[in-house]
2 protein chains.
Amino acid sequence: MNSVLDRDDQAHLLRIGDLARMTGKSVRAIHLYEELGLLTPRTRSSGGFRLFDPSAAEQLRWIELLHGLGFSLQEMRDLRRSWWSNELGPEAMEHLRELFERKLEETRDTVRRYQQLESELEQGLSYLQTCRACATPAEVAACVHCDQDHGMTSRPALVAGITSAPERARRRSGPGFVRIEDIE
Amino acid sequence: MNSVLDRDDQAHLLRIGDLARMTGKSVRAIHLYEELGLLTPRTRSSGGFRLFDPSAAEQLRWIELLHGLGFSLQEMRDLRRSWWSNELGPEAMEHLRELFERKLEETRDTVRRYQQLESELEQGLSYLQTCRACATPAEVAACVHCDQDHGMTSRPALVAGITSAPERARRRSGPGFVRIEDIE
DNA sequence: TCACACCCTTACGTAGGCGTTAGATTGCAG
DNA sequence: CTGCAATCTAACGCCTACGTAAGGGTGTGA
């Protein structure tokens, strides 16, 4: 029952709670975005209430977008700052272009990394799949201690880390030792 | 059964600093992993120095891998715990399988999201590219306030969010520009 | 005019993953 | 034996993106 401030031009402005409900953000979050300069209320009511114009919702969605894509609020602020800072013309854009290009490379890297992890996971699953088919040897008592290689050359990295023994239950590691001097 | 150390064995064990250098982790990080039960030194020197066997490096790489997958250290610990806790056989594995499958989906999602970012960035760059070709209108003073659409239907989302005005420098609805004096 | 939801500012809390002293040993080369 | 780097434990610091009061005004339908 608020937000109907039909006084002259304030009619179409939103209070922070309205904005919050519209965007699914919390009031606190919006405050924070403002502190960081990502969003500014168009004005305040005489009593000090923030009044936003509706485009603020789009701005919030932009923030959400970038946040979902791994930008920090700081980065967003820097982005905007660099754009608005100096009254440079084409240079501001050049700056932005460079930033975008860096981010693009980073992003491509990230994609590659995640694709690799995808494949790690697939290998892990495929390994565990072979375990399923394994006739559980009662003598060994549990898959957990299974020594079979199930036809795979070795345990995939993901599985190996989990099954590497904790505490002092470590199994004697296979061949060879390494000297400290040999490593570097 | 296994595991009683003779003196010679200690020659092949690593001190924490060696391990750190090998893996690029900090000493502090390794301490932390130990606190969380993700890694255990095989033994200690008589003076209390941690002595790891070289496979610890693999374990550290595993941690790194999962970290990159978005696992928290807690989750890793839980993973290992659930694996070693009950001597359940196939069930432990089933559990793990499910976990991997969930993570796999998540990862594919992540890949998609980043690919979307990639394309957003490309669009942004392409938009800014058109700016480059723009004969800078001297009257407007700066690209920053440029109103041209440069042949694109609209500003890409990334650019739009950045260029939406900060502070009280917002543009009025409709066409028109902002004076530099109005900014700041 | 009152009730009552909203909103204001200020400021401390949280969780994850370490960084960073700090003061006290330990290990090893010389 | 000395010296110096490496380690030890313990504990506080930091950053992010808010959550969550606390204490006190604001807006407005009844």
# chains A, B, ... in the order shown; residues from 1 in each chain; ligands from 1
$ interface_residues --of "chain B" --to "chain C" --cutoff "8 Å" --atoms "only C-alpha atoms (C1' of nucleotides)" --output "VMD selection string"
chain B and resid 28 to 29 47 49 72
$ closest_atom_pairs --of "chain D" --to "chain A" --cutoff "8 Å" --atoms "only C-alpha atoms (C1' of nucleotides)" --output "tab-separated table"
residue	atom	partner	partner_atom	distance
D:DA17	C1'	A:Ala29	CA	7.9
D:DC18	C1'	A:Ala29	CA	6.3
D:DT26	C1'	A:Gly47	CA	6.0
$ write_last_selection --atoms "all heavy atoms" --output "PDB file, in the first residue's frame"
ATOM      1  P    DA D  17      31.478  -9.404  -3.969  1.00  0.00           P
ATOM      2  OP1  DA D  17      31.454 -10.189  -5.230  1.00  0.00           O
ATOM      3  OP2  DA D  17      31.737  -7.962  -4.001  1.00  0.00           O
ATOM      4  O5'  DA D  17      30.101  -9.664  -3.234  1.00  0.00           O
ATOM      5  C5'  DA D  17      29.682 -11.017  -3.034  1.00  0.00           C
ATOM      6  C4'  DA D  17      28.562 -11.044  -2.024  1.00  0.00           C
ATOM      7  O4'  DA D  17      29.098 -10.844  -0.702  1.00  0.00           O
ATOM      8  C3'  DA D  17      27.497  -9.939  -2.203  1.00  0.00           C
ATOM      9  O3'  DA D  17      26.227 -10.509  -1.943  1.00  0.00           O
ATOM     10  C2'  DA D  17      27.870  -8.928  -1.138  1.00  0.00           C
ATOM     11  C1'  DA D  17      28.299  -9.882  -0.051  1.00  0.00           C
ATOM     12  N9   DA D  17      29.059  -9.301   1.042  1.00  0.00           N
ATOM     13  C8   DA D  17      29.700  -8.097   1.085  1.00  0.00           C
ATOM     14  N7   DA D  17      30.275  -7.837   2.229  1.00  0.00           N
ATOM     15  C5   DA D  17      30.009  -8.948   2.995  1.00  0.00           C
ATOM     16  C6   DA D  17      30.334  -9.299   4.312  1.00  0.00           C
ATOM     17  N6   DA D  17      31.037  -8.529   5.126  1.00  0.00           N
ATOM     18  N1   DA D  17      29.889 -10.491   4.771  1.00  0.00           N
ATOM     19  C2   DA D  17      29.173 -11.271   3.964  1.00  0.00           C
ATOM     20  N3   DA D  17      28.808 -11.053   2.710  1.00  0.00           N
ATOM     21  C4   DA D  17      29.257  -9.853   2.280  1.00  0.00           C
ATOM     22  P    DC D  18      24.941  -9.836  -2.599  1.00  0.00           P
ATOM     23  OP1  DC D  18      23.797 -10.734  -2.375  1.00  0.00           O
ATOM     24  OP2  DC D  18      25.303  -9.447  -3.963  1.00  0.00           O
ATOM     25  O5'  DC D  18      24.716  -8.520  -1.755  1.00  0.00           O
ATOM     26  C5'  DC D  18      23.773  -8.483  -0.683  1.00  0.00           C
ATOM     27  C4'  DC D  18      24.134  -9.435   0.428  1.00  0.00           C
ATOM     28  O4'  DC D  18      25.390  -9.030   0.994  1.00  0.00           O
ATOM     29  C3'  DC D  18      23.148  -9.420   1.597  1.00  0.00           C
ATOM     30  O3'  DC D  18      22.348 -10.593   1.583  1.00  0.00           O
ATOM     31  C2'  DC D  18      23.972  -9.307   2.839  1.00  0.00           C
ATOM     32  C1'  DC D  18      25.406  -9.420   2.357  1.00  0.00           C
ATOM     33  N1   DC D  18      26.265  -8.507   3.139  1.00  0.00           N
ATOM     34  C2   DC D  18      26.698  -8.900   4.409  1.00  0.00           C
ATOM     35  O2   DC D  18      26.360 -10.006   4.838  1.00  0.00           O
ATOM     36  N3   DC D  18      27.464  -8.058   5.143  1.00  0.00           N
ATOM     37  C4   DC D  18      27.820  -6.882   4.644  1.00  0.00           C
ATOM     38  N4   DC D  18      28.577  -6.088   5.403  1.00  0.00           N
ATOM     39  C5   DC D  18      27.398  -6.457   3.325  1.00  0.00           C
ATOM     40  C6   DC D  18      26.631  -7.287   2.616  1.00  0.00           C
ATOM     41  P    DT D  26      11.106  12.210  10.162  1.00  0.00           P
ATOM     42  OP1  DT D  26      11.825  13.082   9.225  1.00  0.00           O
ATOM     43  OP2  DT D  26      10.098  12.765  11.094  1.00  0.00           O
ATOM     44  O5'  DT D  26      10.432  11.038   9.339  1.00  0.00           O
ATOM     45  C5'  DT D  26      11.169  10.394   8.309  1.00  0.00           C
ATOM     46  C4'  DT D  26      10.218   9.687   7.363  1.00  0.00           C
ATOM     47  O4'  DT D  26       9.641   8.525   8.024  1.00  0.00           O
ATOM     48  C3'  DT D  26       9.035  10.507   6.873  1.00  0.00           C
ATOM     49  O3'  DT D  26       8.831  10.139   5.518  1.00  0.00           O
ATOM     50  C2'  DT D  26       7.895  10.048   7.756  1.00  0.00           C
ATOM     51  C1'  DT D  26       8.240   8.582   7.938  1.00  0.00           C
ATOM     52  N1   DT D  26       7.759   7.899   9.149  1.00  0.00           N
ATOM     53  C2   DT D  26       7.085   6.706   9.011  1.00  0.00           C
ATOM     54  O2   DT D  26       6.829   6.197   7.942  1.00  0.00           O
ATOM     55  N3   DT D  26       6.709   6.126  10.198  1.00  0.00           N
ATOM     56  C4   DT D  26       6.933   6.601  11.479  1.00  0.00           C
ATOM     57  O4   DT D  26       6.559   5.982  12.468  1.00  0.00           O
ATOM     58  C5   DT D  26       7.631   7.855  11.543  1.00  0.00           C
ATOM     59  C7   DT D  26       7.915   8.468  12.867  1.00  0.00           C
ATOM     60  C6   DT D  26       8.006   8.447  10.392  1.00  0.00           C
TER      61       DT D  26
END
$ select_by_dssp --residues "range 8-100 of chain B" --states "strand (DSSP E or B)" --output "PyMOL selection string"
chain B and resi 14-15+43-44+50-52
$ closest_residue --among "B:Lys25, B:His95, B:His67, B:Arg108" --to "chain A" --atoms "only C-alpha atoms"
B:Arg108
$ residues_around --residues "Leu104 in chain A" --least-positions-apart "2" --cutoff "9 Å" --atoms "only C-alpha atoms (C1' of nucleotides)" --output "PDB file with N, CA and C atoms, in the first residue's frame"
ATOM      1  N   LEU A  99      39.491  -3.537 -21.265  1.00  0.00           N
ATOM      2  CA  LEU A  99      38.956  -4.290 -20.142  1.00  0.00           C
ATOM      3  C   LEU A  99      38.142  -5.480 -20.617  1.00  0.00           C
ATOM      4  N   PHE A 100      37.313  -5.210 -21.580  1.00  0.00           N
ATOM      5  CA  PHE A 100      36.479  -6.288 -22.130  1.00  0.00           C
ATOM      6  C   PHE A 100      37.353  -7.370 -22.740  1.00  0.00           C
ATOM      7  N   GLU A 101      38.385  -6.944 -23.388  1.00  0.00           N
ATOM      8  CA  GLU A 101      39.226  -7.940 -24.032  1.00  0.00           C
ATOM      9  C   GLU A 101      39.936  -8.804 -23.009  1.00  0.00           C
ATOM     10  N   ARG A 102      40.401  -8.167 -21.966  1.00  0.00           N
ATOM     11  CA  ARG A 102      41.026  -8.965 -20.899  1.00  0.00           C
ATOM     12  C   ARG A 102      40.022  -9.950 -20.318  1.00  0.00           C
ATOM     13  N   GLU A 106      40.090 -14.047 -20.120  1.00  0.00           N
ATOM     14  CA  GLU A 106      39.896 -14.715 -18.844  1.00  0.00           C
ATOM     15  C   GLU A 106      38.749 -15.703 -18.938  1.00  0.00           C
ATOM     16  N   THR A 107      37.690 -15.230 -19.550  1.00  0.00           N
ATOM     17  CA  THR A 107      36.492 -16.046 -19.648  1.00  0.00           C
ATOM     18  C   THR A 107      36.747 -17.297 -20.468  1.00  0.00           C
ATOM     19  N   ARG A 108      37.464 -17.116 -21.553  1.00  0.00           N
ATOM     20  CA  ARG A 108      37.758 -18.283 -22.380  1.00  0.00           C
ATOM     21  C   ARG A 108      38.592 -19.285 -21.609  1.00  0.00           C
ATOM     22  N   ASP A 109      39.508 -18.761 -20.838  1.00  0.00           N
ATOM     23  CA  ASP A 109      40.312 -19.621 -19.980  1.00  0.00           C
ATOM     24  C   ASP A 109      39.438 -20.392 -19.014  1.00  0.00           C
TER      25      ASP A 109
ATOM     26  N   LEU B 117      28.613 -15.470 -21.205  1.00  0.00           N
ATOM     27  CA  LEU B 117      29.391 -14.264 -20.908  1.00  0.00           C
ATOM     28  C   LEU B 117      30.324 -13.958 -22.074  1.00  0.00           C
ATOM     29  N   GLU B 118      30.924 -15.007 -22.588  1.00  0.00           N
ATOM     30  CA  GLU B 118      31.845 -14.842 -23.699  1.00  0.00           C
ATOM     31  C   GLU B 118      31.124 -14.118 -24.834  1.00  0.00           C
ATOM     32  N   SER B 119      29.932 -14.578 -25.096  1.00  0.00           N
ATOM     33  CA  SER B 119      29.231 -13.978 -26.216  1.00  0.00           C
ATOM     34  C   SER B 119      28.789 -12.557 -25.889  1.00  0.00           C
ATOM     35  N   LEU B 121      30.427 -10.553 -24.031  1.00  0.00           N
ATOM     36  CA  LEU B 121      31.633  -9.751 -24.161  1.00  0.00           C
ATOM     37  C   LEU B 121      31.941  -9.479 -25.632  1.00  0.00           C
ATOM     38  N   GLU B 122      31.725 -10.480 -26.436  1.00  0.00           N
ATOM     39  CA  GLU B 122      31.990 -10.285 -27.867  1.00  0.00           C
ATOM     40  C   GLU B 122      31.054  -9.229 -28.434  1.00  0.00           C
TER      41      GLU B 122
END
$ closest_residue --among "B:Asp53, B:Gly161, B:Glu105, B:Arg44" --to "chain A" --atoms "only C-alpha atoms"
B:Gly161
$ select_by_dssp --residues "range 32-87 of chain A" --states "helix (DSSP H, G or I)" --output "ChimeraX atom specification"
/A:32-35,55-68,73-84
$ closest_residue --among "B:Ser154, B:Phe52, B:Phe71, B:Leu38" --to "chain A" --atoms "only C-alpha atoms"
B:Leu38
$ closest_residue --among "B:Arg112, B:Arg61, B:His31, B:His12" --to "chain A" --atoms "only C-alpha atoms"
B:His12
$ atom_distance --atom1 "CA of Thr163 in chain A" --atom2 "CA of Asp18 in chain B"
23.9 Å
$ atom_distance --atom1 "CA of Gly17 in chain B" --atom2 "CA of Arg155 in chain A"
27.9 Å
